[in-house]
file target.txt (compact mmCIF, C-alpha atoms)
# COMPACT_ATOMS: atom_id res chain seq x y z
CA MET A 1 -105.93 65.06 -4.51
CA ASN A 2 -102.25 65.77 -5.18
CA ASP A 3 -99.66 63.13 -6.12
CA PHE A 4 -98.15 63.02 -2.63
CA ALA A 5 -101.54 62.45 -0.99
CA THR A 6 -102.39 59.77 -3.54
CA LEU A 7 -99.10 57.96 -2.96
CA ALA A 8 -99.56 58.19 0.82
CA ARG A 9 -103.07 56.74 0.51
CA ILE A 10 -101.86 53.88 -1.70
CA ASP A 11 -99.02 53.17 0.76
CA ARG A 12 -101.48 53.04 3.68
CA LEU A 13 -103.85 50.73 1.80
CA GLU A 14 -101.00 48.44 0.77
CA ALA A 15 -99.72 48.40 4.37
CA GLU A 16 -103.18 47.43 5.68
CA ASN A 17 -103.42 44.63 3.13
CA THR A 18 -99.95 43.34 4.00
CA ILE A 19 -100.82 43.39 7.71
CA ARG A 20 -103.98 41.36 7.04
CA LYS A 21 -101.89 38.81 5.15
CA ILE A 22 -99.36 38.59 8.01
CA VAL A 23 -102.09 37.88 10.56
CA ALA A 24 -103.80 35.38 8.24
CA ARG A 25 -100.52 33.55 7.54
CA TYR A 26 -99.68 33.40 11.25
CA PHE A 27 -102.99 31.69 12.02
CA ARG A 28 -102.86 29.37 8.98
CA ILE A 29 -99.51 28.09 10.25
CA CYS A 30 -100.85 27.81 13.82
CA ASP A 31 -103.87 25.84 12.56
CA GLN A 32 -101.55 23.22 11.03
CA LEU A 33 -99.11 22.69 13.91
CA GLY A 34 -98.19 19.10 14.63
CA PRO A 35 -95.44 16.49 14.28
CA ASP A 36 -95.49 16.98 10.48
CA THR A 37 -94.86 20.74 10.69
CA LEU A 38 -91.84 21.50 8.54
CA PRO A 39 -88.92 23.50 9.93
CA SER A 40 -89.42 25.85 6.95
CA GLU A 41 -92.97 26.62 8.17
CA LEU A 42 -91.65 27.54 11.61
CA GLY A 43 -88.97 29.61 9.91
CA GLU A 44 -91.65 31.37 7.88
CA LEU A 45 -93.65 31.99 11.05
CA GLY A 46 -90.52 33.43 12.69
CA GLU A 47 -90.00 35.78 9.75
CA LEU A 48 -93.41 37.32 10.46
CA PHE A 49 -91.90 38.72 13.68
CA ASP A 50 -89.33 41.44 14.24
CA PRO A 51 -86.11 39.94 15.73
CA ASP A 52 -86.87 41.75 19.03
CA ALA A 53 -90.63 41.10 19.00
CA ILE A 54 -92.66 40.40 22.12
CA TRP A 55 -95.47 37.82 22.27
CA GLU A 56 -97.53 38.03 25.45
CA GLY A 57 -100.60 36.64 27.08
CA LYS A 58 -102.77 38.91 29.22
CA GLY A 59 -105.40 38.07 31.80
CA ARG A 60 -105.88 34.29 32.00
CA TYR A 61 -103.41 33.96 29.13
CA ALA A 62 -100.62 35.58 31.16
CA GLU A 63 -100.45 32.47 33.33
CA ALA A 64 -101.08 30.01 30.50
CA PHE A 65 -98.61 31.44 27.98
CA GLY A 66 -96.50 34.06 29.70
CA THR A 67 -94.33 36.43 27.66
CA MET A 68 -91.76 35.57 25.01
CA LYS A 69 -89.12 38.10 24.06
CA GLY A 70 -87.44 37.83 20.71
CA ARG A 71 -88.19 35.93 17.52
CA ALA A 72 -86.28 32.82 18.63
CA ALA A 73 -88.26 32.54 21.89
CA ILE A 74 -91.56 32.99 20.03
CA VAL A 75 -90.69 30.27 17.51
CA GLU A 76 -89.63 27.93 20.34
CA MET A 77 -92.95 28.48 22.12
CA ILE A 78 -94.85 27.69 18.92
CA ARG A 79 -92.57 24.69 18.23
CA GLY A 80 -93.78 23.23 21.54
CA TYR A 81 -97.16 22.61 19.87
CA CYS A 82 -95.57 20.50 17.13
CA GLY A 83 -94.78 17.32 18.99
CA PRO A 84 -93.32 14.72 18.82
CA GLU A 85 -96.86 13.83 19.97
CA PRO A 86 -99.59 16.03 18.49
CA HIS A 87 -101.11 18.62 20.79
CA PHE A 88 -104.08 19.36 18.51
CA ALA A 89 -106.34 17.01 16.59
CA MET A 90 -107.87 20.12 15.02
CA THR A 91 -107.72 23.83 15.64
CA ALA A 92 -109.24 26.68 13.66
CA HIS A 93 -108.80 30.40 14.32
CA PHE A 94 -111.31 32.99 13.08
CA CYS A 95 -110.52 36.70 13.30
CA THR A 96 -113.08 39.48 13.07
CA SER A 97 -113.78 43.07 14.21
CA GLU A 98 -110.56 44.17 12.55
CA ASP A 99 -109.25 47.68 13.16
CA ILE A 100 -105.91 48.60 11.57
CA ALA A 101 -104.21 51.99 11.90
CA VAL A 102 -101.09 52.81 9.88
CA ASP A 103 -98.81 55.73 10.69
CA GLY A 104 -95.81 55.77 8.37
CA ASP A 105 -93.61 52.79 9.24
CA GLN A 106 -95.61 51.89 12.37
CA ALA A 107 -99.02 50.25 12.56
CA SER A 108 -101.33 48.69 15.09
CA GLY A 109 -104.26 46.40 14.75
CA SER A 110 -106.89 44.82 16.93
CA TRP A 111 -109.03 41.78 16.24
CA MET A 112 -111.47 39.56 18.07
CA MET A 113 -110.41 35.96 17.65
CA LEU A 114 -112.53 32.86 18.00
CA GLN A 115 -110.73 29.53 18.26
CA ALA A 116 -112.37 26.10 17.98
CA THR A 117 -110.07 23.31 19.12
CA THR A 118 -110.07 19.57 19.59
CA TYR A 119 -106.99 18.37 21.43
CA ALA A 120 -105.22 15.10 20.70
CA ASP A 121 -106.61 13.67 23.96
CA GLY A 122 -110.20 14.25 22.73
CA ARG A 123 -111.04 17.33 24.83
CA ALA A 124 -112.50 20.25 22.89
CA ASP A 125 -113.13 23.90 23.58
CA LEU A 126 -114.23 27.18 22.13
CA ARG A 127 -112.40 30.31 23.20
CA SER A 128 -112.27 33.95 22.29
CA ALA A 129 -109.43 36.42 22.67
CA ARG A 130 -108.81 40.09 22.03
CA LEU A 131 -105.68 40.54 19.91
CA GLN A 132 -103.65 43.74 19.99
CA ILE A 133 -100.80 43.60 17.50
CA GLU A 134 -98.17 46.24 16.75
CA PHE A 135 -96.24 46.20 13.48
CA ALA A 136 -93.15 47.95 12.17
CA ARG A 137 -91.84 48.34 8.64
CA GLU A 138 -88.11 48.16 8.12
CA ARG A 139 -86.51 48.10 4.68
CA ARG A 140 -90.01 47.89 3.14
CA VAL A 141 -90.88 44.69 5.10
CA TRP A 142 -93.70 44.71 7.66
CA ARG A 143 -93.28 42.49 10.73
CA ILE A 144 -95.02 41.96 14.04
CA ARG A 145 -93.33 43.94 16.80
CA ARG A 146 -95.68 43.06 19.66
CA PHE A 147 -98.42 40.40 19.75
CA THR A 148 -100.78 40.54 22.73
CA THR A 149 -103.61 38.07 23.27
CA GLU A 150 -106.14 38.40 26.10
CA ASN A 151 -108.71 35.72 26.84
CA ILE A 152 -112.32 36.90 26.71
CA PHE A 153 -113.95 33.52 27.36
CA SER A 154 -113.24 29.81 27.23
CA ARG A 155 -115.86 27.07 27.09
CA ARG A 156 -115.41 23.31 26.95
CA VAL A 157 -117.56 21.50 24.40
CA ASP A 158 -118.23 17.80 23.91
CA HIS A 159 -116.95 17.57 20.35
CA TRP A 160 -116.93 19.44 17.04
CA ASN A 161 -117.22 16.99 14.20
CA ASP A 162 -120.56 15.29 14.66
CA ALA A 163 -120.99 12.21 12.48
CA ALA A 164 -124.70 12.96 12.02
CA THR A 165 -125.89 13.74 8.53
CA ILE A 166 -126.33 17.36 7.61
CA PRO A 167 -130.07 18.13 7.30
CA VAL A 168 -130.99 19.89 4.05
CA PRO A 169 -134.33 20.28 2.27
CA ILE A 170 -134.85 17.36 -0.11
CA ASP A 171 -135.98 19.68 -2.95
CA SER A 172 -132.66 21.54 -2.84
CA HIS A 173 -130.89 18.44 -4.18
CA ALA A 174 -133.30 17.67 -7.04
CA GLY A 175 -130.66 18.41 -9.68
CA ALA A 176 -127.61 17.27 -7.71
CA ALA A 177 -125.78 14.03 -8.46
CA ARG A 178 -126.07 11.53 -5.67
call {"tool": "encode", "arguments": {"input": "target.txt", "output": "structure tokens"}}
result
Amino acid sequence: MNDFATLARIDRLEAENTIRKIVARYFRICDQLGPDTLPSELGELGELFDPDAIWEGKGRYAEAFGTMKGRAAIVEMIRGYCGPEPHFAMTAHFCTSEDIAVDGDQASGSWMMLQATTYADGRADLRSARLQIEFARERRVWRIRRFTTENIFSRRVDHWNDAATIPVPIDSHAGAAR
């Protein structure tokens, strides 16, 4: 492999890793949204997006979320989940089935997302969405250019955090402090 090919391969691998970190950071921030969310966290979330980015819901999510155009509109939509009253008691996003393709300063990725949520009013649901995300690199910084989420399923559940004890074999705790 020549030096140019090696450098191109390293660049692609570094781009893929950076893109994974962008998606992970986006969802870590989203999982912590509430009245205590700091303006700096929303600013950080905004910096994940290109200034002219588009965030859109498709399918059932088109009606629920609509389309936001521009970083400021995206941050304002996310800010709506912060309060002053909490929207979420708990939310956790899990992404899988990742597929990232990098082509120079452009990239795209798709993920299947599973979201478990308990709302502040006590309702809870489990939902899945297909994510299609486009990225662009400008001045060596990768950002989201287009974020598309399409609902696959949604299912109400009674609750997530059951107070029941967790059943484990008694022998497995023989050496554990109690």
call {"tool": "closest_residue", "arguments": {"input": "target.txt", "among": "A:Gly109, A:Phe147, A:Pro167, A:Ala24", "to": "Met68 in chain A", "atoms": "all atoms listed in the file"}}
result
A:Phe147
call {"tool": "atom_distance", "arguments": {"input": "target.txt", "atom1": "CA of Leu13 in chain A", "atom2": "CA of Val102 in chain A"}}
result
8.8 Å
call {"tool": "atom_distance", "arguments": {"input": "target.txt", "atom1": "CA of Lys69 in chain A", "atom2": "CA of Glu56 in chain A"}}
result
8.5 Å
call {"tool": "closest_residue", "arguments": {"input": "target.txt", "among": "A:Arg146, A:Arg139, A:Arg20, A:Arg9", "to": "Gly70 in chain A", "atoms": "all atoms listed in the file"}}
result
A:Arg146
call {"tool": "atom_distance", "arguments": {"input": "target.txt", "atom1": "CA of Trp55 in chain A", "atom2": "CA of Glu134 in chain A"}}
result
10.4 Å
call {"tool": "closest_residue", "arguments": {"input": "target.txt", "among": "A:Asp3, A:Asp99, A:Glu85, A:Glu14", "to": "Ala120 in chain A", "atoms": "only C-alpha atoms"}}
result
A:Glu85
call {"tool": "residues_around", "arguments": {"input": "target.txt", "residues": "range 17-19 of chain A", "least_positions_apart": "3", "cutoff": "10 Å", "atoms": "all atoms listed in the file", "output": "PyMOL selection string"}}
result
chain A and resi 11-14+22-25+48+100+102+107-109+133-136+141-144
call {"tool": "residues_around", "arguments": {"input": "target.txt", "residues": "range 151-165 of chain A", "least_positions_apart": "4", "cutoff": "9 Å", "atoms": "all atoms listed in the file", "output": "PDB file with C-alpha atoms, in the frame of the given file"}}
result
ATOM      1  CA  GLY A  57    -100.600  36.640  27.080  1.00  0.00           C
ATOM      2  CA  LYS A  58    -102.770  38.910  29.220  1.00  0.00           C
ATOM      3  CA  GLY A  59    -105.400  38.070  31.800  1.00  0.00           C
ATOM      4  CA  ARG A  60    -105.880  34.290  32.000  1.00  0.00           C
ATOM      5  CA  TYR A  61    -103.410  33.960  29.130  1.00  0.00           C
ATOM      6  CA  ALA A 116    -112.370  26.100  17.980  1.00  0.00           C
ATOM      7  CA  THR A 117    -110.070  23.310  19.120  1.00  0.00           C
ATOM      8  CA  THR A 118    -110.070  19.570  19.590  1.00  0.00           C
ATOM      9  CA  GLY A 122    -110.200  14.250  22.730  1.00  0.00           C
ATOM     10  CA  ARG A 123    -111.040  17.330  24.830  1.00  0.00           C
ATOM     11  CA  ALA A 124    -112.500  20.250  22.890  1.00  0.00           C
ATOM     12  CA  ASP A 125    -113.130  23.900  23.580  1.00  0.00           C
ATOM     13  CA  LEU A 126    -114.230  27.180  22.130  1.00  0.00           C
ATOM     14  CA  ARG A 127    -112.400  30.310  23.200  1.00  0.00           C
ATOM     15  CA  SER A 128    -112.270  33.950  22.290  1.00  0.00           C
ATOM     16  CA  ALA A 129    -109.430  36.420  22.670  1.00  0.00           C
ATOM     17  CA  ARG A 130    -108.810  40.090  22.030  1.00  0.00           C
ATOM     18  CA  LEU A 131    -105.680  40.540  19.910  1.00  0.00           C
TER      19      LEU A 131
END
